[in-house]
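The data block below is start.txt; it holds compact mmCIF, C-alpha atoms and all ligand atoms.
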# COMPACT_ATOMS: atom_id res chain seq x y z
CA MET Z 71 -10.89 9.06 16.85
CA LYS Z 72 -8.12 6.85 15.46
CA LEU Z 73 -9.18 4.21 12.93
CA SER Z 74 -7.84 1.41 15.14
CA GLU Z 75 -10.00 2.67 18.05
CA ALA Z 76 -13.09 2.95 15.84
CA LEU Z 77 -12.48 -0.63 14.73
CA ASN Z 78 -11.63 -1.78 18.24
CA ILE Z 79 -8.30 -3.21 17.09
CA ASP Z 80 -5.26 -3.25 19.37
CA ILE Z 81 -2.36 -2.24 17.11
CA THR Z 82 0.22 -3.30 19.71
CA ARG Z 83 -0.86 -6.90 19.25
CA ILE Z 84 -0.16 -6.68 15.52
CA ASP Z 85 3.26 -5.15 16.22
CA LYS Z 86 4.08 -7.88 18.74
CA GLU Z 87 3.06 -10.57 16.25
CA MET Z 88 5.29 -9.03 13.54
CA LEU Z 89 8.23 -9.13 15.95
CA ARG Z 90 7.34 -12.62 17.12
CA ILE Z 91 7.33 -13.95 13.55
CA VAL Z 92 10.95 -12.88 13.14
CA LYS Z 93 12.10 -13.69 16.69
CA HIS Z 94 10.57 -17.14 16.39
CA ASP Z 95 13.03 -17.95 13.63
CA ARG Z 96 15.90 -19.54 15.56
CA ASP Z 97 18.20 -19.22 12.57
CA VAL Z 98 18.19 -15.44 12.93
CA PRO Z 99 20.71 -14.38 15.60
CA ARG Z 100 19.39 -11.96 18.24
CA GLN Z 101 21.92 -9.22 17.53
CA SER Z 102 21.68 -9.56 13.75
CA ILE Z 103 20.87 -6.67 11.44
CA ILE Z 104 17.61 -8.47 10.55
CA GLN Z 105 16.36 -8.52 14.15
CA LYS Z 106 17.43 -4.94 14.75
CA SER Z 107 16.00 -3.64 11.46
CA VAL Z 108 12.66 -5.33 12.02
CA ALA Z 109 12.47 -3.95 15.57
CA ASP Z 110 13.23 -0.45 14.24
CA LEU Z 111 10.77 -0.79 11.37
CA VAL Z 112 7.99 -1.92 13.69
CA ALA Z 113 8.78 0.89 16.16
CA SER Z 114 8.73 3.48 13.35
CA GLY Z 115 4.97 3.06 13.23
CA GLY Z 116 2.81 3.12 10.15
CA LYS Z 117 -0.92 3.13 9.80
CA ARG Z 118 -1.24 -0.69 9.84
CA ILE Z 119 -4.09 -0.42 7.35
CA ARG Z 120 -3.47 -3.81 5.77
CA PRO Z 121 -3.56 -5.82 9.01
CA MET Z 122 -6.71 -3.97 10.01
CA LEU Z 123 -8.27 -5.01 6.68
CA VAL Z 124 -7.42 -8.66 7.42
CA ILE Z 125 -9.05 -8.44 10.86
CA VAL Z 126 -12.14 -6.65 9.56
CA GLY Z 127 -12.45 -9.25 6.77
CA SER Z 128 -12.48 -12.00 9.41
CA ARG Z 129 -15.46 -10.35 11.11
CA PHE Z 130 -17.63 -11.32 8.13
CA GLY Z 131 -17.24 -15.01 8.95
CA GLN Z 132 -18.06 -17.08 11.99
CA GLU Z 133 -15.22 -19.45 12.56
CA ALA Z 134 -12.14 -17.30 12.83
CA SER Z 135 -9.17 -18.54 14.82
CA LYS Z 136 -7.97 -15.33 16.49
CA ALA Z 137 -4.35 -16.54 16.46
CA GLN Z 138 -4.48 -17.32 12.76
CA VAL Z 139 -6.10 -14.01 11.86
CA LEU Z 140 -3.45 -12.14 13.88
CA GLN Z 141 -0.68 -14.03 12.10
CA LEU Z 142 -2.20 -13.28 8.69
CA ALA Z 143 -2.59 -9.62 9.66
CA ALA Z 144 1.08 -9.42 10.69
CA ALA Z 145 2.16 -11.29 7.54
CA ALA Z 146 0.28 -8.78 5.37
CA GLU Z 147 2.08 -5.89 7.06
CA LEU Z 148 5.46 -7.61 6.69
CA ILE Z 149 4.85 -7.96 2.94
CA HIS Z 150 4.02 -4.27 2.84
CA VAL Z 151 7.10 -3.31 4.89
CA ALA Z 152 9.35 -5.45 2.68
CA SER Z 153 7.95 -3.82 -0.45
CA LEU Z 154 8.54 -0.33 0.98
CA ILE Z 155 12.19 -1.17 1.72
CA HIS Z 156 12.65 -2.09 -1.95
CA ASP Z 157 10.56 0.85 -3.07
CA ASP Z 158 12.69 3.37 -1.17
CA ILE Z 159 15.83 1.94 -2.76
CA ILE Z 160 14.29 2.10 -6.25
CA ASP Z 161 12.89 5.60 -5.69
CA GLU Z 162 16.14 6.74 -4.02
CA SER Z 163 13.99 7.99 -1.15
CA ASP Z 164 15.93 8.79 2.01
CA MET Z 165 12.97 9.14 4.37
CA ARG Z 166 10.09 6.89 5.37
CA ARG Z 167 7.57 7.56 8.12
CA GLY Z 168 9.53 10.60 9.21
CA GLN Z 169 12.71 8.60 9.72
CA GLN Z 170 15.70 7.46 7.71
CA ALA Z 171 14.74 4.80 5.18
CA LEU Z 172 16.36 1.45 6.00
CA HIS Z 173 18.85 1.64 3.12
CA LYS Z 174 20.06 4.95 4.55
CA ALA Z 175 20.22 3.72 8.14
CA THR Z 176 22.18 0.64 7.01
CA ASP Z 177 23.20 0.39 3.37
CA VAL Z 178 21.54 -0.81 0.17
CA ASN Z 179 22.96 -4.34 0.34
CA LYS Z 180 21.81 -4.92 3.90
CA ALA Z 181 18.39 -3.37 3.27
CA VAL Z 182 17.84 -5.63 0.23
CA HIS Z 183 18.67 -8.68 2.32
CA VAL Z 184 16.40 -7.65 5.20
CA ALA Z 185 13.48 -7.16 2.79
CA ASN Z 186 14.18 -10.43 0.99
CA TYR Z 187 14.32 -12.25 4.31
CA LEU Z 188 10.99 -10.76 5.42
CA MET Z 189 9.32 -11.87 2.19
CA ALA Z 190 10.82 -15.34 2.40
CA ARG Z 191 9.73 -15.65 6.05
CA VAL Z 192 6.16 -14.76 5.13
CA VAL Z 193 6.15 -17.33 2.33
CA GLU Z 194 7.52 -19.93 4.81
CA LEU Z 195 4.75 -19.16 7.29
CA LEU Z 196 1.89 -19.06 4.83
CA THR Z 197 2.96 -22.21 3.04
CA LYS Z 198 2.19 -24.23 6.16
CA TYR Z 199 -1.49 -23.31 5.83
CA GLY Z 200 -1.46 -25.04 2.43
CA GLU Z 201 -0.45 -28.26 4.20
CA ASP Z 202 -3.52 -27.80 6.43
CA GLY Z 203 -5.75 -27.61 3.34
CA GLN Z 204 -6.10 -23.82 3.44
CA GLN Z 205 -4.50 -23.25 0.04
CA PHE Z 206 -6.31 -19.94 -0.41
CA ILE Z 207 -3.97 -18.38 2.15
CA GLN Z 208 -1.00 -18.96 -0.13
CA GLU Z 209 -2.51 -16.37 -2.45
CA LEU Z 210 -1.29 -13.66 -0.07
CA SER Z 211 2.33 -14.72 -0.43
CA GLY Z 212 2.13 -15.82 -4.06
CA ILE Z 213 -0.19 -13.99 -6.43
CA THR Z 214 -0.33 -10.81 -4.37
CA THR Z 215 3.42 -10.32 -4.06
CA SER Z 216 3.98 -11.19 -7.73
CA LYS Z 217 1.51 -8.43 -8.59
CA LEU Z 218 3.35 -5.99 -6.30
CA CYS Z 219 6.57 -6.67 -8.18
CA LEU Z 220 4.77 -6.49 -11.53
CA GLY Z 221 3.27 -3.11 -10.58
CA GLU Z 222 6.67 -1.78 -9.61
CA TYR Z 223 8.10 -3.10 -12.89
CA GLN Z 224 5.32 -1.39 -14.90
CA GLN Z 225 6.21 1.82 -13.08
CA LEU Z 226 9.94 1.49 -13.79
CA ASN Z 227 9.27 0.52 -17.38
CA ASN Z 228 7.30 3.72 -17.94
CA GLN Z 229 9.67 6.23 -16.35
CA TYR Z 230 9.46 9.55 -18.22
CA ASN Z 231 6.91 7.99 -20.60
CA TYR Z 232 4.54 10.89 -21.09
CA ASP Z 233 2.47 8.79 -23.50
CA ILE Z 234 1.66 6.08 -20.97
CA PRO Z 235 -1.95 4.98 -21.65
CA MET Z 236 -4.41 5.65 -18.82
CA GLU Z 237 -5.12 1.87 -18.68
CA THR Z 238 -1.45 1.15 -17.96
CA TYR Z 239 -1.39 3.72 -15.14
CA LEU Z 240 -4.56 2.20 -13.66
CA ASP Z 241 -3.31 -1.36 -14.09
CA LYS Z 242 0.00 -0.45 -12.41
CA SER Z 243 -1.87 1.15 -9.49
CA ASN Z 244 -4.04 -1.92 -9.20
CA ASN Z 245 -1.03 -4.24 -9.08
CA LYS Z 246 1.05 -2.03 -6.79
CA THR Z 247 -1.57 -1.07 -4.24
CA ALA Z 248 -5.15 -2.24 -4.75
CA ILE Z 249 -4.61 -6.00 -5.02
CA LEU Z 250 -2.83 -6.28 -1.65
CA MET Z 251 -5.60 -4.34 0.10
CA ALA Z 252 -8.24 -6.48 -1.60
CA ALA Z 253 -6.37 -9.68 -0.71
CA CYS Z 254 -6.16 -8.62 2.95
CA LEU Z 255 -9.94 -8.42 3.29
CA GLN Z 256 -10.35 -11.58 1.22
CA ILE Z 257 -7.91 -13.65 3.23
CA GLY Z 258 -9.36 -12.51 6.57
CA ALA Z 259 -12.86 -13.40 5.40
CA GLN Z 260 -11.79 -16.75 3.94
CA ALA Z 261 -9.90 -17.67 7.12
CA ALA Z 262 -13.17 -17.11 8.98
CA LYS Z 263 -15.08 -19.21 6.42
CA ALA Z 264 -17.24 -16.35 5.23
CA ASP Z 265 -19.79 -16.89 2.45
CA PRO Z 266 -17.91 -16.87 -0.93
CA LYS Z 267 -20.23 -14.14 -2.26
CA VAL Z 268 -19.30 -11.96 0.71
CA VAL Z 269 -15.62 -12.70 0.14
CA GLU Z 270 -16.01 -11.51 -3.45
CA LEU Z 271 -17.70 -8.28 -2.35
CA LEU Z 272 -15.00 -7.63 0.25
CA TYR Z 273 -12.31 -8.15 -2.39
CA ALA Z 274 -14.05 -5.62 -4.65
CA PHE Z 275 -14.38 -3.18 -1.73
CA GLY Z 276 -10.62 -3.44 -1.02
CA GLU Z 277 -9.74 -3.09 -4.69
CA ASN Z 278 -11.80 0.07 -5.14
CA LEU Z 279 -10.49 1.52 -1.91
CA GLY Z 280 -6.92 0.67 -2.94
CA MET Z 281 -7.31 2.41 -6.30
CA ALA Z 282 -8.68 5.50 -4.59
CA PHE Z 283 -5.83 5.30 -2.04
CA GLN Z 284 -3.11 5.20 -4.73
CA ILE Z 285 -4.65 8.06 -6.72
CA LYS Z 286 -4.88 10.12 -3.53
CA ASP Z 287 -1.26 9.19 -2.76
CA ASP Z 288 -0.26 10.52 -6.18
CA VAL Z 289 -2.11 13.77 -5.44
CA LEU Z 290 -0.55 14.14 -1.97
CA ASP Z 291 2.90 13.83 -3.53
CA PHE Z 292 2.14 17.16 -5.22
CA THR Z 293 0.16 18.91 -2.51
CA GLN Z 294 1.77 17.97 0.81
CA SER Z 295 5.04 19.06 2.36
CA SER Z 296 7.78 16.56 3.19
CA ALA Z 297 7.05 17.12 6.90
CA GLN Z 298 3.38 16.19 6.43
CA LEU Z 299 4.23 13.11 4.38
CA GLY Z 300 7.14 11.88 6.51
CA LYS Z 301 9.00 11.34 3.22
CA PRO Z 302 10.24 13.73 0.53
CA ALA Z 303 7.46 15.53 -1.35
CA GLY Z 304 7.31 15.89 -5.11
CA THR Z 305 9.51 12.87 -5.74
CA ASP Z 306 7.19 11.12 -8.19
CA LEU Z 307 7.86 13.43 -11.12
CA MET Z 308 11.48 13.88 -10.04
CA ASN Z 309 11.75 10.11 -10.51
CA GLY Z 310 9.98 10.21 -13.85
CA GLN Z 311 6.76 8.72 -12.55
CA VAL Z 312 3.87 9.80 -14.74
CA THR Z 313 0.98 9.66 -12.30
CA LEU Z 314 -2.63 10.74 -12.79
CA PRO Z 315 -2.04 14.45 -11.96
CA VAL Z 316 0.66 14.48 -14.66
CA LEU Z 317 -1.52 12.62 -17.16
CA TYR Z 318 -4.30 15.18 -16.68
CA ALA Z 319 -1.88 18.12 -16.72
CA LEU Z 320 -0.52 16.85 -20.06
CA GLN Z 321 -3.91 17.71 -21.57
CA ASP Z 322 -3.13 21.40 -20.92
CA PRO Z 323 -1.42 22.71 -24.09
CA GLU Z 324 0.68 25.19 -22.12
CA LEU Z 325 1.83 22.75 -19.47
CA ALA Z 326 2.39 19.77 -21.78
CA PRO Z 327 5.68 20.94 -23.40
CA ARG Z 328 7.10 21.92 -20.00
CA ILE Z 329 6.25 18.49 -18.58
CA ARG Z 330 7.55 16.65 -21.64
CA SER Z 331 10.89 18.45 -21.35
CA ILE Z 332 11.56 16.77 -17.99
CA HIS Z 333 13.92 13.84 -18.15
CA ALA Z 334 16.44 12.08 -15.91
CA ASP Z 335 19.09 14.81 -16.04
CA THR Z 336 16.81 17.85 -15.78
CA ALA Z 337 17.93 20.25 -13.04
CA PRO Z 338 15.84 19.60 -9.87
CA GLU Z 339 14.88 23.31 -9.64
CA GLU Z 340 13.36 23.14 -13.13
CA THR Z 341 11.33 20.02 -12.24
CA GLN Z 342 10.22 21.72 -9.01
CA ASP Z 343 8.90 24.67 -11.07
CA VAL Z 344 6.86 22.30 -13.22
CA ILE Z 345 5.59 20.50 -10.11
CA LYS Z 346 4.42 23.87 -8.74
CA ALA Z 347 2.73 24.70 -12.07
CA ILE Z 348 0.90 21.34 -12.06
CA ARG Z 349 -0.16 21.88 -8.43
CA GLU Z 350 -1.56 25.31 -9.25
CA SER Z 351 -3.22 24.27 -12.53
CA GLY Z 352 -6.48 23.16 -10.93
CA VAL Z 353 -5.92 19.62 -12.19
CA MET Z 354 -5.99 18.08 -8.69
CA GLU Z 355 -9.76 18.47 -8.38
CA LYS Z 356 -10.22 16.45 -11.57
CA VAL Z 357 -7.91 13.77 -10.21
CA ILE Z 358 -9.82 13.62 -6.92
CA GLU Z 359 -13.05 13.21 -8.93
CA ARG Z 360 -11.50 10.11 -10.53
CA SER Z 361 -10.58 8.78 -7.10
CA ASP Z 362 -14.15 9.48 -5.93
CA VAL Z 363 -15.51 7.16 -8.64
CA TYR Z 364 -13.72 4.30 -6.84
CA MET Z 365 -14.86 5.59 -3.43
CA ASP Z 366 -18.48 5.61 -4.66
CA LYS Z 367 -18.18 2.00 -5.84
CA ALA Z 368 -16.74 1.03 -2.44
CA ARG Z 369 -19.65 2.75 -0.66
CA ASP Z 370 -22.17 0.82 -2.78
CA ILE Z 371 -20.55 -2.41 -1.63
CA ILE Z 372 -20.95 -1.40 2.04
CA THR Z 373 -24.68 -1.03 1.37
CA GLN Z 374 -24.79 -4.50 -0.17
CA LEU Z 375 -23.22 -5.90 3.01
CA ASN Z 376 -25.45 -4.03 5.45
CA THR Z 377 -27.00 -7.18 6.90
CA TYR Z 378 -23.60 -7.91 8.49
CA GLU Z 379 -22.72 -6.07 11.68
CA ALA Z 380 -19.16 -5.66 10.42
CA HIS Z 381 -20.39 -3.42 7.59
CA GLU Z 382 -20.04 -0.62 10.18
CA ASP Z 383 -16.29 -1.33 10.21
CA LEU Z 384 -16.15 -0.96 6.43
CA ALA Z 385 -17.90 2.39 6.86
CA HIS Z 386 -15.24 3.48 9.39
CA ILE Z 387 -12.52 2.47 6.94
CA TRP Z 388 -14.32 4.25 4.08
CA ARG Z 389 -14.58 7.48 6.08
CA TYR Z 390 -10.91 7.25 7.08
CA PHE Z 391 -9.84 6.89 3.43
CA SER Z 392 -12.20 9.63 2.39
CA ALA Z 393 -10.74 12.12 4.90
CA ARG Z 394 -7.12 11.06 4.37
CA ASP Z 395 -4.72 13.94 3.90
CA HIS Z 396 -1.36 12.41 4.77
C1 LIG Y 401 5.02 2.46 -2.71
O1 LIG Y 401 4.90 3.21 -3.86
C2 LIG Y 401 5.34 1.05 -3.12
C3 LIG Y 401 4.49 0.01 -3.24
C4 LIG Y 401 3.05 0.19 -2.91
C5 LIG Y 401 4.91 -1.35 -3.69
C6 LIG Y 401 6.33 -1.49 -4.14
C7 LIG Y 401 6.68 -2.88 -4.60
C8 LIG Y 401 7.94 -3.29 -4.83
C9 LIG Y 401 9.12 -2.39 -4.69
C10 LIG Y 401 8.18 -4.68 -5.29
C11 LIG Y 401 8.93 -5.47 -4.27
C12 LIG Y 401 7.97 -6.22 -3.46
C13 LIG Y 401 8.24 -7.17 -2.55
C14 LIG Y 401 7.12 -7.84 -1.90
C15 LIG Y 401 9.62 -7.58 -2.16
P1 LIG Y 401 5.17 4.77 -3.94
O2 LIG Y 401 6.61 4.99 -4.25
O3 LIG Y 401 4.19 5.31 -4.90
O4 LIG Y 401 4.79 5.28 -2.50
P2 LIG Y 401 5.65 6.07 -1.46
O5 LIG Y 401 5.45 7.48 -1.84
O6 LIG Y 401 5.05 5.73 -0.12
O7 LIG Y 401 7.07 5.65 -1.58
MG MG Y 402 8.31 5.39 -3.17

Could the structure of this file be written out as structure tokens, please?
Amino acid sequence: MKLSEALNIDITRIDKEMLRIVKHDRDVPRQSIIQKSVADLVASGGKRIRPMLVIVGSRFGQEASKAQVLQLAAAAELIHVASLIHDDIIDESDMRRGQQALHKATDVNKAVHVANYLMARVVELLTKYGEDGQQFIQELSGITTSKLCLGEYQQLNNQYNYDIPMETYLDKSNNKTAILMAACLQIGAQAAKADPKVVELLYAFGENLGMAFQIKDDVLDFTQSSAQLGKPAGTDLMNGQVTLPVLYALQDPELAPRIRSIHADTAPEETQDVIKAIRESGVMEKVIERSDVYMDKARDIITQLNTYEAHEDLAHIWRYFSARDH
């Protein structure tokens, strides 16, 4: 069963809201590249995990306005989509979700502007909740997106740095992935006026899940084919990203010098050989164990929330993340 079905969430409503947010802006002409790009991006699919987290978060409160929760869910996905447009440019990735990345379908300049517009539009929308006294909602557009950019900067700043401390890798993953997921649950719960202690637990659940998600993502980059991923495989190391599989593989005295020899102008075939050696080194199990530490913490939080009916939804999400292989 699909996660959206298990959670009883109609994904088409999220998609419609994302489109509505852009179409509602009268300053954006109908035939513009922004309208067309957003329509294409929405149609290209995606798991819509972040909006689902917002909606599930709202189920831990009592006073949720359905329209507001839907708008927050769509806003969260638009932030994510905008960040992926930038990410594909930075990573020089041509494919996303099995289709041409936006900067390939248009060009880099246009893609940058579409992503910037989406971010600005989200800020515009969320700022109005501040005027209504719901300042906490601004956190989604402010703190969370700053952290996304910071995480991406930490990643860029450590390209080909084979001595990156584990804490920096974890902090980068937290900024780049975990905080947005945590904030989605938090914002949904706060919008529904959930108990602050519950909001805190939901944030921690999202953060742990997000860390596990990013570590798994780093593993899948080594183990999955491009067809399975819907984007090029093995690009992390090709781009000089020293992820957890690489950090663990660096502890192998035979592999370490081969990894350390990879730099920006290494022939792609040579890097591919090292990627294969890392994949076959048995290191992935160790990496998954690290991810499981976060999954275990997330499961403990579900238990702490078991007096709420919606804890079943967290369990569905947990199982989905646990079984994820794409
Ligand atoms: C995917 O990483 C990228 C992110 C989770 C966030 C990227 C953030 C930015 C580029 C900062 C700009 C942000 C905004 C809001 C404008 P990945 O390359 O590890 O994953 P992938 O394999 O799916 O590409
Ligand atoms: Mg990328």

Residues up to 6 Å from ligand LIG 401 (chain Y), counting all atoms listed in the file: could you list those as a JSON list (two decimals) with C-alpha atoms, in the coordinates of the input?
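See pocket-v8.json below for the written result:
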[["chain", "number", "residue", "atom", "x", "y", "z"],
["Z", 149, "ILE", "CA", 4.85, -7.96, 2.94],
["Z", 152, "ALA", "CA", 9.35, -5.45, 2.68],
["Z", 153, "SER", "CA", 7.95, -3.82, -0.45],
["Z", 154, "LEU", "CA", 8.54, -0.33, 0.98],
["Z", 156, "HIS", "CA", 12.65, -2.09, -1.95],
["Z", 157, "ASP", "CA", 10.56, 0.85, -3.07],
["Z", 215, "THR", "CA", 3.42, -10.32, -4.06],
["Z", 218, "LEU", "CA", 3.35, -5.99, -6.30],
["Z", 219, "CYS", "CA", 6.57, -6.67, -8.18],
["Z", 222, "GLU", "CA", 6.67, -1.78, -9.61],
["Z", 246, "LYS", "CA", 1.05, -2.03, -6.79],
["Z", 247, "THR", "CA", -1.57, -1.07, -4.24]]

Q) What do you get as a list in words if you pick all residues at most 10 Å from ligand MG 402 (chain Y), counting all atoms listed in the file? A) Ser153, Leu154, Ile155, His156, Asp157, Asp158, Ile159, Ile160, Asp161, Glu162, Ser163, Asp164, Met165, Arg166, Glu222, Lys301, Pro302, Thr305, Asp306 and Asn309 of chain Z

Q.
Could you tell me how far CA of Val151 (chain Z) sits from CA of Ser296 (chain Z), in Å to one decimal place?
A.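 Those two atoms sit 20.0 Å apart.
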
Q) So which residues touch Pro327 (chain Z) within 12 Å, counting all atoms listed in the file, skipping near sequence neighbours fewer than 6 positions away, as a list in words? A) Tyr232, Val316, Ala319, Leu320, Gln321 and Val344 of chain Z

How would the residues just chosen look if you wrote them out with C-alpha atoms as a compact mmCIF listing (two decimals), keeping the file's coordinate frame?
# COMPACT_ATOMS: atom_id res chain seq x y z
CA TYR Z 232 4.54 10.89 -21.09
CA VAL Z 316 0.66 14.48 -14.66
CA ALA Z 319 -1.88 18.12 -16.72
CA LEU Z 320 -0.52 16.85 -20.06
CA GLN Z 321 -3.91 17.71 -21.57
CA VAL Z 344 6.86 22.30 -13.22

**Q.** Two-atom distance - CA of Val312 (chain Z), CA of Met354 (chain Z) (Å)
**A.**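 It comes out at 14.2 Å.
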
Q | Residues within 10 Å of region 122-136 of chain Z, all atoms listed in the file, excluding chain neighbours under 5 positions, as a ChimeraX atom specification | A | /Z:73-74,77-81,84,117,141-147,251-265,268-269,272-273,276,375,378-384,387

Q: Report the distance between CA of Glu359 (chain Z) and CA of Gln342 (chain Z) in Å, rounded to one decimal place.
A: 24.8 Å

Q) From the list Z:Ala385, Z:Leu307, Z:Leu314, Z:Ala393, which residue is nearest Arg330 (chain Z) when using all atoms listed in the file? A)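 So, comparing all the options, the nearest one is Z:Leu307.
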
Q: Tell me which of Z:Thr82, Z:Asn231, Z:Ser243, Z:Gln101 sits closest to Pro121 (chain Z), counting all atoms listed in the file.
A: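 Closest candidate: Z:Thr82.
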
**Q.** Nearest candidate to Phe391 (chain Z) (options Z:Val184, Z:Ile119, Z:His150, Z:Thr313; using all atoms listed in the file)
**A.**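 Among Z:Val184, Z:Ile119, Z:His150, Z:Thr313, it is Z:Ile119 that comes nearest to Phe391 (chain Z).
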
Q | Nearest candidate to Glu237 (chain Z) (options Z:Leu188, Z:Ile104, Z:Leu317, Z:Leu195; using all atoms listed in the file) | A | Z:Leu317

Q. With all atoms listed in the file as the basis for distance, which of Z:Gln170, Z:Asn376, Z:Gln284, Z:Gln311 is at the shortest distance from Leu226 (chain Z)?
A.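 Of Z:Gln170, Z:Asn376, Z:Gln284, Z:Gln311, the one nearest Leu226 (chain Z), counting all atoms listed in the file, is Z:Gln311.
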
**Q.** Selected residue, from Z:Arg167, Z:Arg389, Z:Arg394, Z:Arg349, that lies nearest to Thr293 (chain Z) when counting all atoms listed in the file
**A.**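 Selected residue with least distance to Thr293 (chain Z): Z:Arg349.
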
Counting only C-alpha atoms, which residues have an atom no more than 6 Å from (-19.2, -4.4, -1.3) in the file's coordinates? Please list them as an mmCIF file with C-alpha atoms, keeping the file's coordinate frame.
data_model
loop_
_atom_site.group_PDB
_atom_site.id
_atom_site.type_symbol
_atom_site.label_atom_id
_atom_site.label_comp_id
_atom_site.auth_asym_id
_atom_site.auth_seq_id
_atom_site.Cartn_x
_atom_site.Cartn_y
_atom_site.Cartn_z
ATOM 1 C CA LEU Z 271 -17.700 -8.280 -2.350
ATOM 2 C CA LEU Z 272 -15.000 -7.630 0.250
ATOM 3 C CA PHE Z 275 -14.380 -3.180 -1.730
ATOM 4 C CA ILE Z 371 -20.550 -2.410 -1.630
ATOM 5 C CA ILE Z 372 -20.950 -1.400 2.040
ATOM 6 C CA GLN Z 374 -24.790 -4.500 -0.170
#

Q | Near-Glu194 (chain Z) list (12 Å; only C-alpha atoms; drop same-chain fewer than 2 positions) as a PyMOL selection string | A | chain Z and resi 91-92+95+145+187-192+196-201+207-208+210-212

Mind giving me the axis-aligned box for region 274-293 of chain Z with 6 Å on every side, centre plus edges in Å to one decimal, as lines of an AutoDock Vina configuration file?
center_x = -5.7
center_y = 6.6
center_z = -3.9
size_x = 29.3
size_y = 36.5
size_z = 17.7

Q. Within 8 Å of Val357 (chain Z), counting all atoms listed in the file, which residues qualify if same-chain residues fewer than 2 places away don't, as a ChimeraX atom specification?
A. /Z:285,289,314-315,318,353-355,359-361

Which polymer residues have any atom within 9 Å of an atom of Ala368 (chain Z), counting all atoms listed in the file, with same-chain residues fewer than 2 positions away left out, as a PDB file with C-alpha atoms, in the coordinates of the input?
ATOM      1  CA  ALA Z 274     -14.050  -5.620  -4.650  1.00  0.00           C
ATOM      2  CA  PHE Z 275     -14.380  -3.180  -1.730  1.00  0.00           C
ATOM      3  CA  GLY Z 276     -10.620  -3.440  -1.020  1.00  0.00           C
ATOM      4  CA  GLU Z 277      -9.740  -3.090  -4.690  1.00  0.00           C
ATOM      5  CA  ASN Z 278     -11.800   0.070  -5.140  1.00  0.00           C
ATOM      6  CA  LEU Z 279     -10.490   1.520  -1.910  1.00  0.00           C
ATOM      7  CA  VAL Z 363     -15.510   7.160  -8.640  1.00  0.00           C
ATOM      8  CA  TYR Z 364     -13.720   4.300  -6.840  1.00  0.00           C
ATOM      9  CA  MET Z 365     -14.860   5.590  -3.430  1.00  0.00           C
ATOM     10  CA  ASP Z 366     -18.480   5.610  -4.660  1.00  0.00           C
ATOM     11  CA  ASP Z 370     -22.170   0.820  -2.780  1.00  0.00           C
ATOM     12  CA  ILE Z 371     -20.550  -2.410  -1.630  1.00  0.00           C
ATOM     13  CA  ILE Z 372     -20.950  -1.400   2.040  1.00  0.00           C
ATOM     14  CA  TRP Z 388     -14.320   4.250   4.080  1.00  0.00           C
TER      15      TRP Z 388
END

Q: Taking (5.5, -0.4, -13.6) in the file's own coordinates, collect the residues within 9 Å, counting all atoms listed in the file, and hand them back as a PyMOL selection string.
A: chain Z and resi 219-229+238-239+241-243+245-246

Please complete region 77-85 of chain Z with N, CA, C and O atoms and give it back as a CSV table (one decimal), in the frame of the given file.
chain,number,residue,atom,x,y,z
Z,77,LEU,N,-12.3,0.8,15.1
Z,77,LEU,CA,-12.5,-0.6,14.7
Z,77,LEU,C,-12.3,-1.6,15.9
Z,77,LEU,O,-12.4,-2.8,15.8
Z,78,ASN,N,-11.9,-1.0,17.0
Z,78,ASN,CA,-11.6,-1.8,18.2
Z,78,ASN,C,-10.5,-2.8,18.0
Z,78,ASN,O,-10.7,-4.0,18.3
Z,79,ILE,N,-9.4,-2.3,17.4
Z,79,ILE,CA,-8.3,-3.2,17.1
Z,79,ILE,C,-7.1,-2.7,17.9
Z,79,ILE,O,-6.8,-1.5,17.8
Z,80,ASP,N,-6.4,-3.6,18.6
Z,80,ASP,CA,-5.3,-3.2,19.4
Z,80,ASP,C,-4.0,-3.4,18.5
Z,80,ASP,O,-3.6,-4.5,18.2
Z,81,ILE,N,-3.5,-2.2,18.0
Z,81,ILE,CA,-2.4,-2.2,17.1
Z,81,ILE,C,-1.1,-2.9,17.7
Z,81,ILE,O,-0.3,-3.5,17.1
Z,82,THR,N,-1.0,-2.7,19.1
Z,82,THR,CA,0.2,-3.3,19.7
Z,82,THR,C,0.3,-4.8,19.6
Z,82,THR,O,1.4,-5.4,19.5
Z,83,ARG,N,-0.9,-5.4,19.4
Z,83,ARG,CA,-0.9,-6.9,19.2
Z,83,ARG,C,-0.3,-7.3,17.9
Z,83,ARG,O,0.3,-8.3,17.7
Z,84,ILE,N,-0.7,-6.4,16.9
Z,84,ILE,CA,-0.2,-6.7,15.5
Z,84,ILE,C,1.4,-6.5,15.5
Z,84,ILE,O,2.1,-7.3,15.0
Z,85,ASP,N,1.8,-5.4,16.2
Z,85,ASP,CA,3.3,-5.2,16.2
Z,85,ASP,C,4.0,-6.3,16.9
Z,85,ASP,O,5.0,-6.8,16.4
